[in-house]
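S.K.: This is my_file_17.csv, which holds CSV, C-alpha atoms:
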chain,number,residue,atom,x,y,z
A,19,MET,CA,0.0,0.0,0.0
A,20,GLN,CA,1.5,3.4,-1.0
A,21,PRO,CA,1.3,6.0,1.7
A,22,LYS,CA,-2.0,7.9,1.0
A,23,ASN,CA,-1.1,11.3,2.3
A,24,ILE,CA,2.5,11.4,1.0
A,25,SER,CA,3.3,12.4,-2.6
A,26,ASN,CA,6.0,14.0,-4.7
A,27,ILE,CA,8.8,12.1,-3.1
A,28,ARG,CA,12.3,13.2,-4.1
A,29,PHE,CA,15.8,12.8,-2.7
A,30,SER,CA,18.6,15.3,-2.6
A,31,ALA,CA,22.2,15.4,-1.3
A,32,CYS,CA,22.4,16.4,2.3
A,33,GLU,CA,25.6,18.3,2.9
A,34,ASP,CA,24.7,19.8,6.2
A,35,SER,CA,22.0,18.7,8.6
A,36,LYS,CA,20.7,20.3,11.8
A,37,TYR,CA,19.9,16.8,13.2
A,38,ILE,CA,22.6,14.4,12.0
A,39,LYS,CA,26.4,14.9,12.0
A,40,PHE,CA,28.6,12.6,10.0
A,41,LYS,CA,32.0,11.7,11.5
A,42,ARG,CA,34.9,9.3,11.0
A,43,MET,CA,36.6,8.2,14.2
A,44,LEU,CA,40.2,7.0,14.0
A,45,PHE,CA,41.7,5.1,16.9
A,46,THR,CA,44.2,2.5,17.9
A,47,GLU,CA,42.8,-0.7,19.4
A,48,ASN,CA,45.3,-3.2,20.9
A,49,GLY,CA,48.0,-1.6,18.8
A,50,LYS,CA,46.1,-1.8,15.5
A,51,GLU,CA,44.9,1.3,13.6
A,52,ARG,CA,41.2,1.3,13.0
A,53,SER,CA,38.6,3.6,11.6
A,54,TRP,CA,34.8,3.7,12.0
A,55,ASP,CA,32.1,5.8,10.3
A,56,ILE,CA,29.6,7.1,12.7
A,57,ILE,CA,26.8,9.6,13.0
A,58,GLU,CA,26.0,11.8,15.9
A,59,ALA,CA,22.3,12.1,16.4
A,60,HIS,CA,20.2,13.3,19.3
A,61,ASP,CA,19.3,11.2,22.3
A,62,SER,CA,15.7,10.7,23.0
A,63,VAL,CA,13.0,9.9,25.6
A,64,ALA,CA,10.0,7.5,25.1
A,65,ALA,CA,7.1,6.5,27.3
A,66,LEU,CA,5.0,3.4,27.7
A,67,LEU,CA,1.5,4.8,28.3
A,68,TYR,CA,-1.2,2.6,29.8
A,69,HIS,CA,-4.8,3.8,29.6
A,70,THR,CA,-6.6,2.3,32.6
A,71,GLN,CA,-10.2,3.0,31.3
A,72,LYS,CA,-9.5,1.5,27.9
A,73,ASP,CA,-7.2,-1.3,29.3
A,74,ALA,CA,-5.0,-0.4,26.4
A,75,PHE,CA,-1.5,1.0,25.6
A,76,VAL,CA,-1.4,4.4,23.9
A,77,ILE,CA,1.1,4.4,21.1
A,78,VAL,CA,1.7,6.5,18.0
A,79,LYS,CA,1.8,5.8,14.3
A,80,GLN,CA,3.7,8.1,11.9
A,81,PHE,CA,5.3,8.3,8.5
A,82,ARG,CA,9.1,7.7,8.8
A,83,PRO,CA,11.1,8.7,5.7
A,84,ALA,CA,14.0,6.5,6.6
A,85,VAL,CA,11.7,3.4,6.9
A,86,PHE,CA,9.9,4.4,3.6
A,87,LEU,CA,13.3,4.5,1.9
A,88,LYS,CA,14.0,0.9,3.0
A,89,GLU,CA,10.6,-0.5,2.3
A,90,ARG,CA,9.9,0.9,-1.1
A,91,ASN,CA,12.4,-1.7,-2.5
A,92,ARG,CA,10.9,-4.6,-0.7
A,93,ASN,CA,7.9,-6.8,-1.0
A,94,THR,CA,5.5,-5.1,1.4
A,95,GLU,CA,2.3,-6.9,0.6
A,96,HIS,CA,2.1,-8.5,4.0
A,97,LEU,CA,2.1,-5.2,5.8
A,98,LYS,CA,-1.1,-4.2,7.7
A,99,THR,CA,-0.3,-0.5,7.2
A,100,GLU,CA,0.9,1.8,4.4
A,101,ILE,CA,4.6,1.6,3.6
A,102,GLY,CA,6.8,3.9,5.6
A,103,TYR,CA,4.6,4.1,8.6
A,104,THR,CA,5.7,2.7,12.0
A,105,PHE,CA,4.1,2.0,15.3
A,106,GLU,CA,6.1,3.5,18.2
A,107,LEU,CA,6.0,4.6,21.8
A,108,CYS,CA,5.3,8.3,22.3
A,109,ALA,CA,8.8,9.7,22.0
A,110,GLY,CA,10.9,12.8,21.3
A,111,ILE,CA,14.5,13.9,20.9
A,112,THR,CA,16.1,15.6,23.9
A,113,ASP,CA,17.3,18.7,22.2
A,114,LYS,CA,16.0,21.1,24.9
A,115,ASP,CA,17.8,22.2,28.0
A,116,LYS,CA,15.2,20.7,30.3
A,117,PRO,CA,15.1,17.6,32.6
A,118,LEU,CA,14.2,14.4,30.7
A,119,ASN,CA,10.9,13.8,32.5
A,120,VAL,CA,9.8,17.4,31.6
A,121,ILE,CA,10.6,16.8,27.9
A,122,MET,CA,8.7,13.5,28.2
A,123,GLN,CA,5.7,15.2,29.7
A,124,GLU,CA,5.6,17.8,26.9
A,125,GLU,CA,5.9,15.0,24.2
A,126,ILE,CA,3.0,13.1,25.8
A,127,LEU,CA,0.9,16.2,25.6
A,128,GLU,CA,1.9,17.2,22.1
A,129,GLU,CA,1.6,13.7,20.5
A,130,CYS,CA,-1.1,12.0,22.5
A,131,GLY,CA,-3.0,14.9,24.1
A,132,TYR,CA,-2.7,13.9,27.7
A,133,ASN,CA,-1.4,16.3,30.4
A,134,ILE,CA,0.3,13.9,32.9
A,135,PRO,CA,1.6,15.2,36.3
A,136,LEU,CA,5.4,14.8,36.5
A,137,GLU,CA,5.2,12.6,39.5
A,138,ASN,CA,3.3,10.0,37.5
A,139,ILE,CA,6.0,9.7,34.9
A,140,THR,CA,8.6,7.2,36.2
A,141,GLN,CA,11.9,6.1,34.5
A,142,ILE,CA,12.1,2.4,33.9
A,143,ALA,CA,15.2,1.8,31.7
A,144,GLU,CA,17.8,3.1,29.3
A,145,PHE,CA,19.2,1.7,26.2
A,146,TYR,CA,21.2,2.5,23.0
A,147,SER,CA,19.9,2.1,19.5
A,148,SER,CA,21.8,1.4,16.3
A,149,VAL,CA,25.1,1.0,18.2
A,150,GLY,CA,26.9,0.1,15.0
A,151,PHE,CA,26.7,3.6,13.6
A,152,ALA,CA,24.7,5.9,15.9
A,153,GLY,CA,24.6,5.0,19.6
A,154,SER,CA,21.8,7.3,20.5
A,155,LYS,CA,20.6,6.7,24.0
A,156,GLN,CA,16.9,6.4,24.8
A,157,THR,CA,15.5,6.8,28.3
A,158,LEU,CA,12.3,5.0,28.8
A,159,PHE,CA,9.5,6.1,31.1
A,160,PHE,CA,6.2,4.7,32.2
A,161,ALA,CA,2.9,6.4,33.0
A,162,THR,CA,-0.7,5.4,33.5
A,163,LEU,CA,-3.4,7.7,32.4
A,164,ASP,CA,-7.1,8.0,31.7
A,165,GLU,CA,-9.5,10.4,30.0
A,166,SER,CA,-9.4,12.8,33.0
A,167,TYR,CA,-5.9,13.9,31.8
A,168,ARG,CA,-7.1,14.6,28.2
A,169,GLN,CA,-6.3,18.1,27.1
A,170,ASN,CA,-6.4,17.9,23.4
A,171,LEU,CA,-6.5,15.3,20.6
A,172,GLY,CA,-2.7,15.1,20.2
A,173,GLY,CA,-1.2,14.6,16.8
A,174,GLY,CA,2.0,16.6,17.2
A,175,VAL,CA,3.0,20.2,16.7
A,176,ASP,CA,4.0,22.1,13.5
A,177,ASP,CA,4.0,19.8,10.5
A,178,GLU,CA,3.9,16.5,12.5
A,179,ASN,CA,1.1,14.1,11.5
A,180,ILE,CA,1.0,11.7,14.4
A,181,GLU,CA,-1.9,9.3,14.8
A,182,VAL,CA,-2.7,8.1,18.3
A,183,VAL,CA,-3.4,4.4,18.4
A,184,PHE,CA,-4.8,2.3,21.2
A,185,ILE,CA,-3.5,-1.3,21.5
A,186,PRO,CA,-5.8,-3.3,23.8
A,187,LYS,CA,-3.7,-5.1,26.4
A,188,ALA,CA,-5.2,-8.4,25.4
A,189,GLU,CA,-3.9,-8.0,21.8
A,190,ALA,CA,-0.5,-6.4,22.7
A,191,TYR,CA,1.5,-9.6,22.8
A,192,ASP,CA,0.3,-10.8,19.3
A,193,PHE,CA,0.9,-7.2,18.1
A,194,ILE,CA,4.6,-7.1,19.0
A,195,LEU,CA,5.4,-10.4,17.4
A,196,ASP,CA,3.4,-9.6,14.2
A,197,SER,CA,5.9,-8.3,11.7
A,198,ALA,CA,3.0,-7.0,9.5
A,199,PHE,CA,3.0,-4.0,12.0
A,200,PRO,CA,6.4,-2.3,11.5
A,201,LYS,CA,7.6,-1.2,14.9
A,202,THR,CA,10.5,-0.4,17.2
A,203,SER,CA,12.2,-2.7,19.6
A,204,GLY,CA,11.5,-0.2,22.3
A,205,ILE,CA,7.8,-0.8,22.1
A,206,MET,CA,8.4,-4.6,22.2
A,207,PHE,CA,10.5,-4.4,25.3
A,208,ALA,CA,8.1,-2.0,27.0
A,209,PHE,CA,5.0,-4.1,26.5
A,210,LEU,CA,6.8,-7.2,27.9
A,211,TRP,CA,8.1,-5.1,30.8
A,212,PHE,CA,4.5,-4.2,31.6
A,213,PHE,CA,3.4,-7.8,31.4
A,214,ARG,CA,6.1,-8.8,33.9
A,215,ASN,CA,5.7,-6.0,36.3
A,216,LYS,CA,2.2,-4.6,36.2
A,217,ILE,CA,-0.2,-7.5,35.9
B,265,MET,CA,36.8,4.3,33.2
B,266,GLN,CA,38.7,5.1,30.0
B,267,PRO,CA,38.8,2.2,27.4
B,268,LYS,CA,42.0,0.3,28.2
B,269,ASN,CA,42.8,-1.0,24.8
B,270,ILE,CA,41.8,2.1,22.8
B,271,SER,CA,44.1,5.0,22.3
B,272,ASN,CA,45.0,7.8,19.9
B,273,ILE,CA,41.4,8.8,19.2
B,274,ARG,CA,40.9,11.3,16.5
B,275,PHE,CA,37.9,12.5,14.4
B,276,SER,CA,37.9,13.5,10.8
B,277,ALA,CA,35.3,14.5,8.2
B,278,CYS,CA,33.6,11.7,6.5
B,279,GLU,CA,32.7,12.6,2.9
B,280,ASP,CA,32.1,9.2,1.6
B,281,SER,CA,31.3,6.0,3.6
B,282,LYS,CA,31.0,2.5,2.5
B,283,TYR,CA,28.5,1.8,5.3
B,284,ILE,CA,26.4,4.9,5.7
B,285,LYS,CA,24.8,7.0,3.1
B,286,PHE,CA,23.4,10.4,3.9
B,287,LYS,CA,20.2,11.7,2.2
B,288,ARG,CA,17.6,14.3,2.3
B,289,MET,CA,14.1,13.2,1.5
B,290,LEU,CA,11.6,15.8,0.2
B,291,PHE,CA,7.9,15.1,0.1
B,292,THR,CA,4.5,16.5,0.3
B,293,GLU,CA,2.4,15.3,3.2
B,294,ASN,CA,-1.3,16.3,3.3
B,295,GLY,CA,-0.5,19.1,0.8
B,296,LYS,CA,2.4,20.5,2.9
B,297,GLU,CA,6.0,20.5,1.7
B,298,ARG,CA,8.3,18.7,4.1
B,299,SER,CA,11.9,17.6,4.3
B,300,TRP,CA,13.7,15.0,6.4
B,301,ASP,CA,17.4,14.2,6.8
B,302,ILE,CA,18.0,10.4,6.9
B,303,ILE,CA,20.8,7.9,6.6
B,304,GLU,CA,20.7,4.7,4.7
B,305,ALA,CA,22.5,2.0,6.7
B,306,HIS,CA,22.5,-1.8,6.4
B,307,ASP,CA,19.8,-4.0,7.9
B,308,SER,CA,21.0,-6.6,10.4
B,309,VAL,CA,20.4,-9.9,12.1
B,310,ALA,CA,20.7,-10.7,15.8
B,311,ALA,CA,20.3,-13.9,17.9
B,312,LEU,CA,19.3,-14.6,21.4
B,313,LEU,CA,21.6,-17.5,22.3
B,314,TYR,CA,20.8,-19.7,25.4
B,315,HIS,CA,23.5,-22.0,26.7
B,316,THR,CA,21.7,-25.0,28.3
B,317,GLN,CA,24.7,-26.3,30.3
B,318,LYS,CA,25.6,-22.9,31.7
B,319,ASP,CA,21.9,-21.9,32.1
B,320,ALA,CA,23.0,-18.6,30.7
B,321,PHE,CA,22.6,-16.3,27.7
B,322,VAL,CA,25.5,-15.8,25.4
B,323,ILE,CA,26.0,-12.2,24.5
B,324,VAL,CA,28.9,-10.1,23.2
B,325,LYS,CA,30.7,-6.9,24.5
B,326,GLN,CA,32.5,-4.7,22.1
B,327,PHE,CA,33.8,-1.1,21.7
B,328,ARG,CA,31.4,1.1,19.8
B,329,PRO,CA,32.9,4.3,18.5
B,330,ALA,CA,29.4,6.0,18.2
B,331,VAL,CA,28.6,5.2,21.9
B,332,PHE,CA,32.1,6.4,23.0
B,333,LEU,CA,31.5,9.7,21.2
B,334,LYS,CA,28.3,10.1,23.2
B,335,GLU,CA,29.6,9.0,26.6
B,336,ARG,CA,32.9,10.9,26.6
B,337,ASN,CA,31.0,14.1,27.4
B,338,ARG,CA,28.9,12.5,30.1
B,339,ASN,CA,29.3,11.5,33.7
B,340,THR,CA,30.0,7.8,33.4
B,341,GLU,CA,31.2,7.1,36.9
B,342,HIS,CA,28.3,4.7,37.5
B,343,LEU,CA,29.1,2.5,34.5
B,344,LYS,CA,30.3,-1.1,35.3
B,345,THR,CA,32.3,-1.2,32.1
B,346,GLU,CA,34.8,1.1,30.3
B,347,ILE,CA,33.2,3.9,28.3
B,348,GLY,CA,32.2,3.1,24.8
B,349,TYR,CA,31.6,-0.6,25.4
B,350,THR,CA,28.2,-2.0,25.0
B,351,PHE,CA,26.5,-5.4,25.8
B,352,GLU,CA,24.6,-6.7,22.8
B,353,LEU,CA,23.1,-9.8,21.2
B,354,CYS,CA,25.4,-11.5,18.7
B,355,ALA,CA,24.6,-9.7,15.5
B,356,GLY,CA,25.8,-8.7,12.1
B,357,ILE,CA,24.8,-6.5,9.1
B,358,THR,CA,23.2,-8.2,6.2
B,359,ASP,CA,25.5,-7.0,3.4
B,360,LYS,CA,25.9,-10.5,1.8
B,361,ASP,CA,23.7,-12.1,-0.8
B,362,LYS,CA,22.7,-15.0,1.5
B,363,PRO,CA,19.6,-16.0,3.4
B,364,LEU,CA,19.3,-14.2,6.7
B,365,ASN,CA,19.5,-17.4,8.8
B,366,VAL,CA,22.8,-18.3,7.0
B,367,ILE,CA,24.3,-14.9,7.8
B,368,MET,CA,23.2,-15.4,11.4
B,369,GLN,CA,24.8,-18.8,11.5
B,370,GLU,CA,28.1,-17.3,10.3
B,371,GLU,CA,28.0,-14.5,12.8
B,372,ILE,CA,27.3,-16.9,15.7
B,373,LEU,CA,30.4,-18.9,14.7
B,374,GLU,CA,32.6,-15.8,14.1
B,375,GLU,CA,31.6,-13.8,17.2
B,376,CYS,CA,30.8,-16.6,19.7
B,377,GLY,CA,32.6,-19.6,18.4
B,378,TYR,CA,29.6,-22.0,18.1
B,379,ASN,CA,28.7,-23.8,14.9
B,380,ILE,CA,24.9,-24.2,15.1
B,381,PRO,CA,22.9,-26.2,12.6
B,382,LEU,CA,20.5,-24.0,10.5
B,383,GLU,CA,17.4,-25.9,11.7
B,384,ASN,CA,18.2,-24.8,15.3
B,385,ILE,CA,18.1,-21.1,14.4
B,386,THR,CA,14.5,-19.9,14.4
B,387,GLN,CA,13.2,-16.4,13.6
B,388,ILE,CA,11.2,-14.8,16.4
B,389,ALA,CA,10.7,-11.2,15.5
B,390,GLU,CA,11.5,-8.1,13.4
B,391,PHE,CA,11.9,-4.5,14.4
B,392,TYR,CA,13.3,-1.2,13.3
B,393,SER,CA,15.8,0.9,15.1
B,394,SER,CA,16.4,4.6,15.1
B,395,VAL,CA,13.3,5.2,13.1
B,396,GLY,CA,13.8,9.0,13.3
B,397,PHE,CA,16.8,9.0,11.1
B,398,ALA,CA,17.8,5.5,10.0
B,399,GLY,CA,15.1,2.9,10.0
B,400,SER,CA,17.4,-0.1,9.8
B,401,LYS,CA,15.5,-3.4,10.2
B,402,GLN,CA,16.8,-6.1,12.5
B,403,THR,CA,15.6,-9.7,12.2
B,404,LEU,CA,15.8,-11.5,15.5
B,405,PHE,CA,16.6,-15.2,15.9
B,406,PHE,CA,16.7,-17.6,18.8
B,407,ALA,CA,18.9,-20.7,19.2
B,408,THR,CA,19.9,-22.9,22.1
B,409,LEU,CA,23.4,-24.3,22.2
B,410,ASP,CA,25.9,-26.1,24.5
B,411,GLU,CA,29.7,-26.8,24.4
B,412,SER,CA,29.2,-29.6,21.9
B,413,TYR,CA,28.7,-26.9,19.3
B,414,ARG,CA,32.0,-25.2,20.2
B,415,GLN,CA,34.3,-24.8,17.2
B,416,ASN,CA,36.6,-21.9,18.3
B,417,LEU,CA,36.7,-19.1,20.9
B,418,GLY,CA,34.9,-16.5,18.9
B,419,GLY,CA,35.9,-12.9,19.1
B,420,GLY,CA,35.1,-11.8,15.6
B,421,VAL,CA,37.1,-11.7,12.3
B,422,ASP,CA,39.7,-9.3,11.0
B,423,ASP,CA,40.1,-6.5,13.4
B,424,GLU,CA,37.0,-7.1,15.4
B,425,ASN,CA,37.6,-7.4,19.2
B,426,ILE,CA,34.5,-9.0,20.5
B,427,GLU,CA,34.3,-10.4,24.0
B,428,VAL,CA,31.9,-13.3,24.6
B,429,VAL,CA,30.0,-12.8,27.9
B,430,PHE,CA,27.7,-15.2,29.6
B,431,ILE,CA,24.8,-13.8,31.6
B,432,PRO,CA,23.3,-16.3,34.0
B,433,LYS,CA,19.6,-16.6,33.5
B,434,ALA,CA,19.0,-15.9,37.2
B,435,GLU,CA,20.8,-12.5,36.8
B,436,ALA,CA,19.4,-11.6,33.4
B,437,TYR,CA,16.4,-9.6,34.5
B,438,ASP,CA,18.4,-7.4,36.9
B,439,PHE,CA,21.0,-7.0,34.1
B,440,ILE,CA,18.7,-5.6,31.5
B,441,LEU,CA,17.2,-3.0,34.0
B,442,ASP,CA,20.7,-1.9,35.3
B,443,SER,CA,21.8,1.1,33.3
B,444,ALA,CA,25.3,0.7,34.5
B,445,PHE,CA,25.6,-1.9,31.8
B,446,PRO,CA,25.1,0.0,28.5
B,447,LYS,CA,23.1,-2.2,26.1
B,448,THR,CA,20.6,-2.4,23.2
B,449,SER,CA,16.9,-2.6,23.4
B,450,GLY,CA,17.1,-5.7,21.3
B,451,ILE,CA,18.8,-7.6,24.1
B,452,MET,CA,16.2,-6.3,26.6
B,453,PHE,CA,13.3,-7.5,24.5
B,454,ALA,CA,14.9,-10.8,23.7
B,455,PHE,CA,15.6,-11.7,27.4
B,456,LEU,CA,12.0,-10.9,28.3
B,457,TRP,CA,10.7,-12.9,25.3
B,458,PHE,CA,12.6,-15.9,26.6
B,459,PHE,CA,11.2,-15.5,30.1
B,460,ARG,CA,7.7,-15.4,28.7
B,461,ASN,CA,8.1,-18.3,26.2
B,462,LYS,CA,10.8,-20.7,27.3
B,463,ILE,CA,10.5,-21.1,31.1
Would it be possible to restate this file's structure as structure tokens?

M.R.:
Amino acid sequence: MQPKNISNIRFSACEDSKYIKFKRMLFTENGKERSWDIIEAHDSVAALLYHTQKDAFVIVKQFRPAVFLKERNRNTEHLKTEIGYTFELCAGITDKDKPLNVIMQEEILEECGYNIPLENITQIAEFYSSVGFAGSKQTLFFATLDESYRQNLGGGVDDENIEVVFIPKAEAYDFILDSAFPKTSGIMFAFLWFFRNKI
Amino acid sequence: MQPKNISNIRFSACEDSKYIKFKRMLFTENGKERSWDIIEAHDSVAALLYHTQKDAFVIVKQFRPAVFLKERNRNTEHLKTEIGYTFELCAGITDKDKPLNVIMQEEILEECGYNIPLENITQIAEFYSSVGFAGSKQTLFFATLDESYRQNLGGGVDDENIEVVFIPKAEAYDFILDSAFPKTSGIMFAFLWFFRNKI
């Protein structure tokens, strides 16, 4: 399925990016000269959100150009979504000079529309992604919520087009193992963490 | 702790990389012109390896330049390893024209030293990492093994310096939640998957 809201796709060279810096690191390891190409990208925060009234996880779905670039050359007939879209935890890059839990709180409001008190947002883990070339660190939080925290419909700010998706807890395990729903490993870990700790 | 085997660290510009391609994608989303900076990196395979005699997971530890670049500017006193090293599933990029399970089999032998029959290597999940800028897909496998499969000591090929680490199953849950051991979300998901499915 081609992405229905996306058109006029072009690629250009990218000499200078605000978000990604390209570097080559040279070093000596055990007396041997080595080199490694890396990128420097922002760290991020993400949150597992559990909606008590719906008995469901609140996640987001959005168009990811990098995933589209990969999938357009593959057989994607099995996908249960349009190509280039992924299912993810509510997340954001940590490019502001604020505590991580405050950035997380703002992202939850912007993307999902819930205004959660800081004391309800607890850190549960940290991990690195794409260690081979990027090594961005993600700090993972957990929060429960319900419709009493609803402030708006979410969807992101500026030109973000983020769809809020509810995954019923009873379907969550099948969801994470179903590769027809492209997703991150963060969401897969987070759901299993919940099953082990919260029920 | 500074990395003990690594010295003479320098950075240079990286105009052209064999491993990472830098692109800018331009597109129209819901009638609005957007642009997104992305990199095109290889997809990968990874395996959760469970050693029946040791009752332990077999993972690897290695120096990751991109993680070092991040950590050198941080307070890393709490880390239980030298900076720049991460704990990961045995993994490799899929840059060869071979089936994924064959590439996985080769990586297990090269990195960990065990020669596992293909029929013992089963696929359990797929996920994307760094969807914001990379969108590399990782296919996750599972295999059990014991010392009868041992062919060499592992450690990687060419100039790789990969340390094989055994994480006793009884310590695995504390390990994945302990941020003093830098690690990937893939390992965190895989351990929890095992706890849910195999014991």

S.K.: Can you check which parts of region 32-88 of chain A lie within 9 Å of region 149-169 of chain A? Per residue, the shortest pair of atoms and distance in Å to one decimal, counting all atoms listed in the file, sorted by chain and number, as JSON lines.

M.R.:
{"residue": "A:Trp54", "atom": "CA", "partner": "A:Phe151", "partner_atom": "CA", "distance": 8.3}
{"residue": "A:Asp55", "atom": "CA", "partner": "A:Phe151", "partner_atom": "CA", "distance": 6.7}
{"residue": "A:Ile56", "atom": "CA", "partner": "A:Phe151", "partner_atom": "CA", "distance": 4.6}
{"residue": "A:Ile57", "atom": "CA", "partner": "A:Ala152", "partner_atom": "CA", "distance": 5.1}
{"residue": "A:Glu58", "atom": "CA", "partner": "A:Ala152", "partner_atom": "CA", "distance": 6.0}
{"residue": "A:Ala59", "atom": "CA", "partner": "A:Ser154", "partner_atom": "CA", "distance": 6.3}
{"residue": "A:His60", "atom": "CA", "partner": "A:Ser154", "partner_atom": "CA", "distance": 6.3}
{"residue": "A:Asp61", "atom": "CA", "partner": "A:Ser154", "partner_atom": "CA", "distance": 5.0}
{"residue": "A:Ser62", "atom": "CA", "partner": "A:Gln156", "partner_atom": "CA", "distance": 4.8}
{"residue": "A:Val63", "atom": "CA", "partner": "A:Thr157", "partner_atom": "CA", "distance": 4.8}
{"residue": "A:Ala64", "atom": "CA", "partner": "A:Leu158", "partner_atom": "CA", "distance": 5.0}
{"residue": "A:Ala65", "atom": "CA", "partner": "A:Phe159", "partner_atom": "CA", "distance": 4.5}
{"residue": "A:Leu66", "atom": "CA", "partner": "A:Phe160", "partner_atom": "CA", "distance": 4.8}
{"residue": "A:Leu67", "atom": "CA", "partner": "A:Ala161", "partner_atom": "CA", "distance": 5.2}
{"residue": "A:Tyr68", "atom": "CA", "partner": "A:Thr162", "partner_atom": "CA", "distance": 4.7}
{"residue": "A:His69", "atom": "CA", "partner": "A:Leu163", "partner_atom": "CA", "distance": 5.0}
{"residue": "A:Thr70", "atom": "CA", "partner": "A:Asp164", "partner_atom": "CA", "distance": 5.8}
{"residue": "A:Gln71", "atom": "CA", "partner": "A:Asp164", "partner_atom": "CA", "distance": 5.9}
{"residue": "A:Lys72", "atom": "CA", "partner": "A:Asp164", "partner_atom": "CA", "distance": 7.9}

S.K.: Pull the closest atom pair for each residue of chain A that gets at most 7 Å from chain B, along with the distance in Å to one decimal, counting all atoms listed in the file, ordering rows by chain and then ascending residue number, as a tab-separated table.

M.R.:
residue	atom	partner	partner_atom	distance
A:Asn23	CA	B:Asn294	CA	5.1
A:Ile24	CA	B:Glu293	CA	4.5
A:Ser25	CA	B:Thr292	CA	5.2
A:Asn26	CA	B:Phe291	CA	5.3
A:Ile27	CA	B:Phe291	CA	4.5
A:Arg28	CA	B:Leu290	CA	5.1
A:Phe29	CA	B:Met289	CA	4.5
A:Ser30	CA	B:Arg288	CA	5.1
A:Ala31	CA	B:Lys287	CA	5.5
A:Cys32	CA	B:Lys287	CA	5.2
A:Ser35	CA	B:Asp301	CA	6.7
A:Phe40	CA	B:Cys278	CA	6.2
A:Lys41	CA	B:Cys278	CA	5.2
A:Arg42	CA	B:Ser276	CA	5.2
A:Met43	CA	B:Phe275	CA	4.5
A:Leu44	CA	B:Arg274	CA	5.0
A:Phe45	CA	B:Ile273	CA	4.4
A:Thr46	CA	B:Ser271	CA	5.1
A:Glu47	CA	B:Ile270	CA	4.5
A:Asn48	CA	B:Asn269	CA	5.1
A:Trp54	CA	B:Pro329	CA	6.8
A:Asp55	CA	B:Ser281	CA	6.8
A:Ile56	CA	B:Ala330	CA	5.6
A:Ile57	CA	B:Ala330	CA	6.8
A:Arg82	CA	B:Val395	CA	6.5
A:Pro83	CA	B:Met289	CA	6.8
A:Ala84	CA	B:Gly399	CA	5.1
A:Val85	CA	B:Gly399	CA	4.6
A:Ala143	CA	B:Leu441	CA	5.7
A:Glu144	CA	B:Ser443	CA	6.0
A:Phe145	CA	B:Thr448	CA	5.3
A:Tyr146	CA	B:Thr448	CA	4.9
A:Ser147	CA	B:Thr448	CA	5.9
A:Ser148	CA	B:Ser393	CA	6.1
A:Val149	CA	B:Arg328	CA	6.5
A:Gly150	CA	B:Arg328	CA	6.7
A:Phe151	CA	B:Ala330	CA	5.8
A:Ala152	CA	B:Ala330	CA	5.2
A:Gly153	CA	B:Val331	CA	4.6
A:Leu195	CA	B:Ala389	CA	5.7
A:Ser197	CA	B:Glu390	CA	5.9
A:Pro200	CA	B:Phe391	CA	6.6
A:Lys201	CA	B:Phe391	CA	5.4
A:Thr202	CA	B:Tyr392	CA	4.9
A:Ser203	CA	B:Phe391	CA	5.5
A:Gly204	CA	B:Ser449	CA	6.0
A:Met206	CA	B:Phe453	CA	6.1
A:Phe207	CA	B:Phe453	CA	4.3
A:Leu210	CA	B:Leu456	CA	6.4

S.K.: Considering all atoms listed in the file, can you say which of B:Ala355, B:Phe321, B:Met265, B:Val421 comes closest to Lys433 (chain B)?

M.R.: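 Distance minimum relative to Lys433 (chain B) lands on B:Phe321.
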
S.K.: Do you have the CA of Glu128 (chain A)-CA of Val78 (chain A) distance handy?

M.R.: 11.5 Å

S.K.: Nearest to Asn133 (chain A): which of A:Thr112, A:Asn170, A:Thr94, A:Asn215 is it, counting all atoms listed in the file?

M.R.: A:Asn170

S.K.: Can you pull out every residue within 8 Å of Val428 (chain B), counting only C-alpha atoms, but drop anything in the same chain fewer than 4 positions away, and send it as a count of residues only?

M.R.: 8

S.K.: Pick out the closest residue to Glu346 (chain B) from this set: B:Glu383, B:Gln369, B:Leu417, B:Gln266. Count all atoms listed in the file.

M.R.: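 Smallest distance to Glu346 (chain B) is found for B:Gln266.
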
S.K.: CA of Leu136 (chain A) and CA of Lys116 (chain A) are how many Å apart?

M.R.: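 Pair CA of Leu136 (chain A) / CA of Lys116 (chain A) returns 13.0 Å.
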
S.K.: Can you measure CA of Cys108 (chain A) to CA of Ile347 (chain B) for me? One decimal in Å is fine.

M.R.: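 Calculated distance between CA of Cys108 (chain A) and CA of Ile347 (chain B) is 28.9 Å.
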